[in-house]
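**Q** My structure file start08.cif, mmCIF, N, CA and C atoms, is below:
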```cif
data_data
#
loop_
_atom_site.label_atom_id
_atom_site.label_comp_id
_atom_site.auth_asym_id
_atom_site.auth_seq_id
_atom_site.Cartn_x
_atom_site.Cartn_y
_atom_site.Cartn_z
N MET A 273 0.82 -1.19 0.00
CA MET A 273 0.00 0.00 0.00
C MET A 273 0.87 1.26 0.00
N ARG A 274 1.98 1.20 0.74
CA ARG A 274 2.87 2.35 0.83
C ARG A 274 3.44 2.69 -0.55
N TYR A 275 3.80 1.67 -1.31
CA TYR A 275 4.38 1.91 -2.62
C TYR A 275 3.33 2.46 -3.59
N ARG A 276 2.10 2.03 -3.44
CA ARG A 276 1.04 2.55 -4.29
C ARG A 276 0.82 4.04 -4.02
N LEU A 277 0.80 4.40 -2.73
CA LEU A 277 0.63 5.82 -2.39
C LEU A 277 1.81 6.65 -2.87
N THR A 278 3.01 6.10 -2.76
CA THR A 278 4.19 6.80 -3.23
C THR A 278 4.12 6.99 -4.75
N PHE A 279 3.67 5.97 -5.45
CA PHE A 279 3.54 6.07 -6.90
C PHE A 279 2.52 7.13 -7.28
N ILE A 280 1.37 7.13 -6.61
CA ILE A 280 0.33 8.11 -6.90
C ILE A 280 0.82 9.52 -6.60
N ALA A 281 1.53 9.68 -5.48
CA ALA A 281 2.08 10.99 -5.15
C ALA A 281 3.09 11.43 -6.20
N GLY A 282 3.91 10.51 -6.68
CA GLY A 282 4.88 10.82 -7.73
C GLY A 282 4.20 11.25 -9.02
N LEU A 283 3.10 10.56 -9.36
CA LEU A 283 2.35 10.96 -10.54
C LEU A 283 1.79 12.37 -10.40
N ALA A 284 1.23 12.66 -9.24
CA ALA A 284 0.66 13.98 -9.01
C ALA A 284 1.73 15.06 -9.08
N ILE A 285 2.86 14.82 -8.48
CA ILE A 285 3.95 15.80 -8.50
C ILE A 285 4.47 15.98 -9.93
N GLY A 286 4.60 14.87 -10.64
CA GLY A 286 5.05 14.95 -12.03
C GLY A 286 4.08 15.73 -12.89
N TYR A 287 2.81 15.52 -12.62
CA TYR A 287 1.81 16.27 -13.40
C TYR A 287 1.91 17.76 -13.10
N VAL A 288 2.02 18.10 -11.83
CA VAL A 288 2.10 19.51 -11.46
C VAL A 288 3.34 20.15 -12.08
N ILE A 289 4.46 19.47 -12.02
CA ILE A 289 5.69 20.03 -12.56
C ILE A 289 5.63 20.11 -14.08
N GLY A 290 5.07 19.08 -14.71
CA GLY A 290 5.09 19.02 -16.16
C GLY A 290 3.93 19.67 -16.86
N THR A 291 2.94 20.09 -16.15
CA THR A 291 1.75 20.63 -16.79
C THR A 291 2.02 21.99 -17.42
N ARG A 292 1.25 22.24 -18.46
CA ARG A 292 1.33 23.54 -19.11
C ARG A 292 0.01 24.30 -18.90
N ALA A 293 -0.82 23.79 -17.99
CA ALA A 293 -2.13 24.39 -17.76
C ALA A 293 -2.04 25.71 -17.01
N GLY A 294 -0.95 25.90 -16.30
CA GLY A 294 -0.75 27.18 -15.62
C GLY A 294 -1.16 27.18 -14.17
N ARG A 295 -1.14 28.35 -13.62
CA ARG A 295 -1.35 28.56 -12.19
C ARG A 295 -2.77 28.19 -11.76
N GLU A 296 -3.75 28.44 -12.60
CA GLU A 296 -5.14 28.16 -12.23
C GLU A 296 -5.35 26.68 -11.96
N ARG A 297 -4.84 25.82 -12.82
CA ARG A 297 -4.97 24.38 -12.62
C ARG A 297 -4.20 23.92 -11.38
N TYR A 298 -3.04 24.52 -11.15
CA TYR A 298 -2.26 24.20 -9.97
C TYR A 298 -3.03 24.54 -8.70
N GLU A 299 -3.63 25.71 -8.66
CA GLU A 299 -4.41 26.13 -7.49
C GLU A 299 -5.62 25.21 -7.28
N GLN A 300 -6.24 24.78 -8.36
CA GLN A 300 -7.37 23.87 -8.27
C GLN A 300 -6.94 22.53 -7.67
N MET A 301 -5.80 22.02 -8.12
CA MET A 301 -5.30 20.75 -7.59
C MET A 301 -4.90 20.89 -6.12
N LYS A 302 -4.31 22.03 -5.78
CA LYS A 302 -3.91 22.26 -4.39
C LYS A 302 -5.13 22.31 -3.48
N LYS A 303 -6.18 22.95 -3.94
CA LYS A 303 -7.42 23.03 -3.18
C LYS A 303 -8.03 21.63 -2.99
N SER A 304 -8.02 20.83 -4.05
CA SER A 304 -8.55 19.47 -3.95
C SER A 304 -7.75 18.63 -2.97
N ALA A 305 -6.45 18.76 -3.00
CA ALA A 305 -5.60 18.01 -2.07
C ALA A 305 -5.85 18.44 -0.64
N ARG A 306 -6.03 19.73 -0.42
CA ARG A 306 -6.30 20.25 0.92
C ARG A 306 -7.63 19.73 1.44
N GLU A 307 -8.66 19.73 0.57
CA GLU A 307 -9.97 19.20 0.97
C GLU A 307 -9.90 17.71 1.28
N PHE A 308 -9.12 16.98 0.49
CA PHE A 308 -8.95 15.56 0.73
C PHE A 308 -8.29 15.32 2.09
N ALA A 309 -7.26 16.09 2.40
CA ALA A 309 -6.56 15.92 3.67
C ALA A 309 -7.42 16.31 4.86
N ARG A 310 -8.37 17.21 4.67
CA ARG A 310 -9.24 17.64 5.76
C ARG A 310 -10.46 16.75 5.93
N ASN A 311 -10.66 15.81 5.03
CA ASN A 311 -11.80 14.90 5.10
C ASN A 311 -11.70 14.06 6.38
N PRO A 312 -12.77 14.03 7.20
CA PRO A 312 -12.72 13.26 8.45
C PRO A 312 -12.43 11.78 8.25
N ALA A 313 -12.93 11.19 7.18
CA ALA A 313 -12.66 9.77 6.93
C ALA A 313 -11.17 9.54 6.67
N VAL A 314 -10.55 10.44 5.94
CA VAL A 314 -9.12 10.32 5.65
C VAL A 314 -8.31 10.50 6.93
N ARG A 315 -8.69 11.48 7.72
CA ARG A 315 -7.97 11.73 8.98
C ARG A 315 -8.11 10.55 9.93
N ASN A 316 -9.33 9.98 10.03
CA ASN A 316 -9.53 8.83 10.90
C ASN A 316 -8.71 7.64 10.44
N THR A 317 -8.67 7.42 9.13
CA THR A 317 -7.88 6.32 8.59
C THR A 317 -6.40 6.53 8.88
N ALA A 318 -5.92 7.74 8.70
CA ALA A 318 -4.51 8.03 8.97
C ALA A 318 -4.19 7.84 10.45
N GLU A 319 -5.08 8.27 11.32
CA GLU A 319 -4.85 8.11 12.75
C GLU A 319 -4.87 6.65 13.16
N SER A 320 -5.81 5.87 12.61
CA SER A 320 -5.85 4.45 12.96
C SER A 320 -4.63 3.72 12.42
N ALA A 321 -4.15 4.10 11.24
CA ALA A 321 -2.93 3.50 10.70
C ALA A 321 -1.73 3.85 11.57
N ALA A 322 -1.67 5.09 12.03
CA ALA A 322 -0.57 5.50 12.90
C ALA A 322 -0.62 4.75 14.23
N GLN A 323 -1.82 4.57 14.78
CA GLN A 323 -1.96 3.84 16.04
C GLN A 323 -1.56 2.38 15.85
N THR A 324 -1.97 1.78 14.76
CA THR A 324 -1.59 0.40 14.48
C THR A 324 -0.08 0.28 14.35
N GLY A 325 0.54 1.23 13.68
CA GLY A 325 1.99 1.24 13.55
C GLY A 325 2.69 1.36 14.90
N ARG A 326 2.16 2.23 15.76
CA ARG A 326 2.75 2.36 17.10
C ARG A 326 2.60 1.07 17.90
N ASP A 327 1.45 0.42 17.79
CA ASP A 327 1.23 -0.84 18.49
C ASP A 327 2.19 -1.92 18.00
N LEU A 328 2.33 -2.03 16.68
CA LEU A 328 3.24 -3.03 16.11
C LEU A 328 4.69 -2.73 16.49
N ALA A 329 5.06 -1.46 16.49
CA ALA A 329 6.42 -1.09 16.87
C ALA A 329 6.68 -1.44 18.33
N GLY A 330 5.69 -1.24 19.19
CA GLY A 330 5.84 -1.60 20.60
C GLY A 330 6.02 -3.10 20.78
N ARG A 331 5.22 -3.88 20.04
CA ARG A 331 5.36 -5.34 20.12
C ARG A 331 6.72 -5.78 19.59
N ALA A 332 7.15 -5.19 18.49
CA ALA A 332 8.46 -5.54 17.92
C ALA A 332 9.57 -5.18 18.89
N TYR A 333 9.44 -4.04 19.54
CA TYR A 333 10.45 -3.61 20.51
C TYR A 333 10.58 -4.64 21.63
N HIS A 334 9.46 -5.07 22.17
CA HIS A 334 9.50 -6.05 23.27
C HIS A 334 10.03 -7.39 22.78
N SER A 335 9.66 -7.79 21.60
CA SER A 335 10.13 -9.06 21.05
C SER A 335 11.64 -9.04 20.84
N VAL A 336 12.13 -7.96 20.25
CA VAL A 336 13.57 -7.85 20.00
C VAL A 336 14.33 -7.73 21.31
N SER A 337 13.83 -6.94 22.24
CA SER A 337 14.55 -6.76 23.50
C SER A 337 14.60 -8.06 24.30
N ASP A 338 13.56 -8.89 24.20
CA ASP A 338 13.60 -10.19 24.87
C ASP A 338 14.64 -11.11 24.25
N LYS A 339 14.79 -11.06 22.93
CA LYS A 339 15.73 -11.94 22.23
C LYS A 339 17.16 -11.43 22.33
N VAL A 340 17.35 -10.12 22.27
CA VAL A 340 18.69 -9.56 22.27
C VAL A 340 19.22 -9.43 23.69
N GLY A 341 18.36 -8.98 24.58
CA GLY A 341 18.73 -8.88 25.99
C GLY A 341 19.90 -7.97 26.24
N GLU A 342 20.91 -8.50 26.88
CA GLU A 342 22.08 -7.72 27.30
C GLU A 342 23.16 -7.62 26.23
N LYS A 343 22.88 -8.06 25.02
CA LYS A 343 23.88 -8.04 23.95
C LYS A 343 24.04 -6.67 23.30
N VAL A 344 23.13 -5.75 23.58
CA VAL A 344 23.20 -4.42 22.99
C VAL A 344 24.19 -3.57 23.78
N PRO A 345 25.10 -2.89 23.09
CA PRO A 345 26.07 -2.04 23.79
C PRO A 345 25.37 -0.94 24.60
N ALA A 346 25.99 -0.53 25.65
CA ALA A 346 25.43 0.49 26.54
C ALA A 346 25.22 1.81 25.82
N SER A 347 26.09 2.13 24.86
CA SER A 347 25.95 3.40 24.14
C SER A 347 24.66 3.42 23.31
N VAL A 348 24.30 2.30 22.71
CA VAL A 348 23.06 2.22 21.93
C VAL A 348 21.86 2.31 22.86
N THR A 349 21.92 1.61 23.97
CA THR A 349 20.83 1.64 24.94
C THR A 349 20.60 3.06 25.45
N ALA A 350 21.68 3.78 25.75
CA ALA A 350 21.55 5.15 26.24
C ALA A 350 20.96 6.06 25.18
N ARG A 351 21.34 5.87 23.92
CA ARG A 351 20.81 6.71 22.84
C ARG A 351 19.32 6.47 22.65
N VAL A 352 18.90 5.21 22.71
CA VAL A 352 17.47 4.89 22.56
C VAL A 352 16.68 5.50 23.71
N ARG A 353 17.20 5.41 24.92
CA ARG A 353 16.51 6.00 26.07
C ARG A 353 16.39 7.51 25.93
N SER A 354 17.46 8.16 25.46
CA SER A 354 17.41 9.62 25.32
C SER A 354 16.41 10.03 24.24
N LEU A 355 16.34 9.27 23.16
CA LEU A 355 15.35 9.57 22.12
C LEU A 355 13.93 9.36 22.63
N ARG A 356 13.73 8.31 23.39
CA ARG A 356 12.40 8.03 23.94
C ARG A 356 11.99 9.13 24.92
N ASP A 357 12.93 9.58 25.74
CA ASP A 357 12.62 10.65 26.69
C ASP A 357 12.33 11.96 25.97
N ARG A 358 13.10 12.25 24.94
CA ARG A 358 12.91 13.48 24.18
C ARG A 358 11.55 13.50 23.47
N ASN A 359 11.13 12.39 22.92
CA ASN A 359 9.88 12.32 22.18
C ASN A 359 8.69 12.00 23.08
N GLY A 360 8.93 11.72 24.32
CA GLY A 360 7.85 11.33 25.22
C GLY A 360 6.93 12.46 25.64
N GLY A 361 7.34 13.70 25.55
CA GLY A 361 6.55 14.82 26.03
C GLY A 361 5.70 15.48 24.96
N ARG A 362 5.11 14.71 24.07
CA ARG A 362 4.36 15.28 22.95
C ARG A 362 2.88 15.44 23.26
N ASN A 363 2.42 15.05 24.40
CA ASN A 363 1.02 15.18 24.79
C ASN A 363 0.08 14.48 23.80
N GLY A 364 0.44 13.27 23.39
CA GLY A 364 -0.46 12.48 22.57
C GLY A 364 -0.44 12.79 21.10
N GLU A 365 0.54 13.54 20.61
CA GLU A 365 0.62 13.82 19.18
C GLU A 365 1.93 13.32 18.62
N ASP A 366 1.90 12.86 17.38
CA ASP A 366 3.11 12.44 16.72
C ASP A 366 3.63 13.55 15.81
N ASP A 367 4.64 13.26 15.00
CA ASP A 367 5.26 14.26 14.14
C ASP A 367 4.30 14.78 13.07
N TRP A 368 3.27 14.02 12.75
CA TRP A 368 2.34 14.40 11.68
C TRP A 368 1.18 15.22 12.20
N GLY A 369 1.09 15.43 13.50
CA GLY A 369 0.01 16.24 14.05
C GLY A 369 -1.26 15.46 14.31
N THR A 370 -1.18 14.12 14.16
CA THR A 370 -2.37 13.31 14.45
C THR A 370 -2.38 12.95 15.92
N SER A 371 -3.57 12.76 16.45
CA SER A 371 -3.70 12.47 17.87
C SER A 371 -3.77 10.97 18.08
N ASN A 372 -3.65 10.56 19.31
CA ASN A 372 -3.70 9.14 19.66
C ASN A 372 -5.10 8.71 20.05
N THR A 373 -6.11 9.39 19.58
CA THR A 373 -7.47 9.04 19.94
C THR A 373 -8.06 8.03 19.00
#
```
Please express what this file holds, its structure, as C-alpha cells.
**A**
Amino acid sequence: MRYRLTFIAGLAIGYVIGTRAGRERYEQMKKSAREFARNPAVRNTAESAAQTGRDLAGRAYHSVSDKVGEKVPASVTARVRSLRDRNGGRNGEDDWGTSNT
C-alpha cells in the first residue's frame, strides 16, 4: 500500500511540474488536495494506521529486546533512552500532528 501511495504521489507531482495548464490548474489541484486531507474519513484512517503502527512497533520492541537482551552495547541503549525521553513529552501527538485518539 505504501508503494502505491508513493507512486500516486509521484504521478501527481510529475503532473504539477510538467503541466502547461498554468497557475489556475495548480491552485485547483492544491485546493482538492487540501480538501482531501481535511476529510474526516481520511484523517480517521490516517490516525488508525498510525496507532496500528505504534502498536506493532511496541510489540516488535518487546520481542527484540527479549531476544537480544544484554547483547546491545550500553551506548546504543543510552541513545534509545534519550530519544524516547525526548519524544515522550508530545502530549499524545506524533510528528504528523495526528492524535492518539
**Q** Enter the distance from CA of Tyr298 (chain A) to CA of Glu319 (chain A), in Å, rounded to one decimal.
**A** 28.0 Å
**Q** Any chance you could list, as a ChimeraX atom specification, the residues in chain A that come up alpha helix (DSSP H) when DSSP is run on the backbone?
**A** /A:274-290,295-310,312-340,346-359
**Q** Do you have the atom N of Ile285 (chain A)-atom C of Met301 (chain A) distance handy?
**A**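 Going from atom N of Ile285 (chain A) over to atom C of Met301 (chain A), I get 10.1 Å.
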**Q** CA of Ser304 (chain A) and CA of Ala284 (chain A) are how many Å apart?
**A**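 Between CA of Ser304 (chain A) and CA of Ala284 (chain A) the gap is 11.9 Å.
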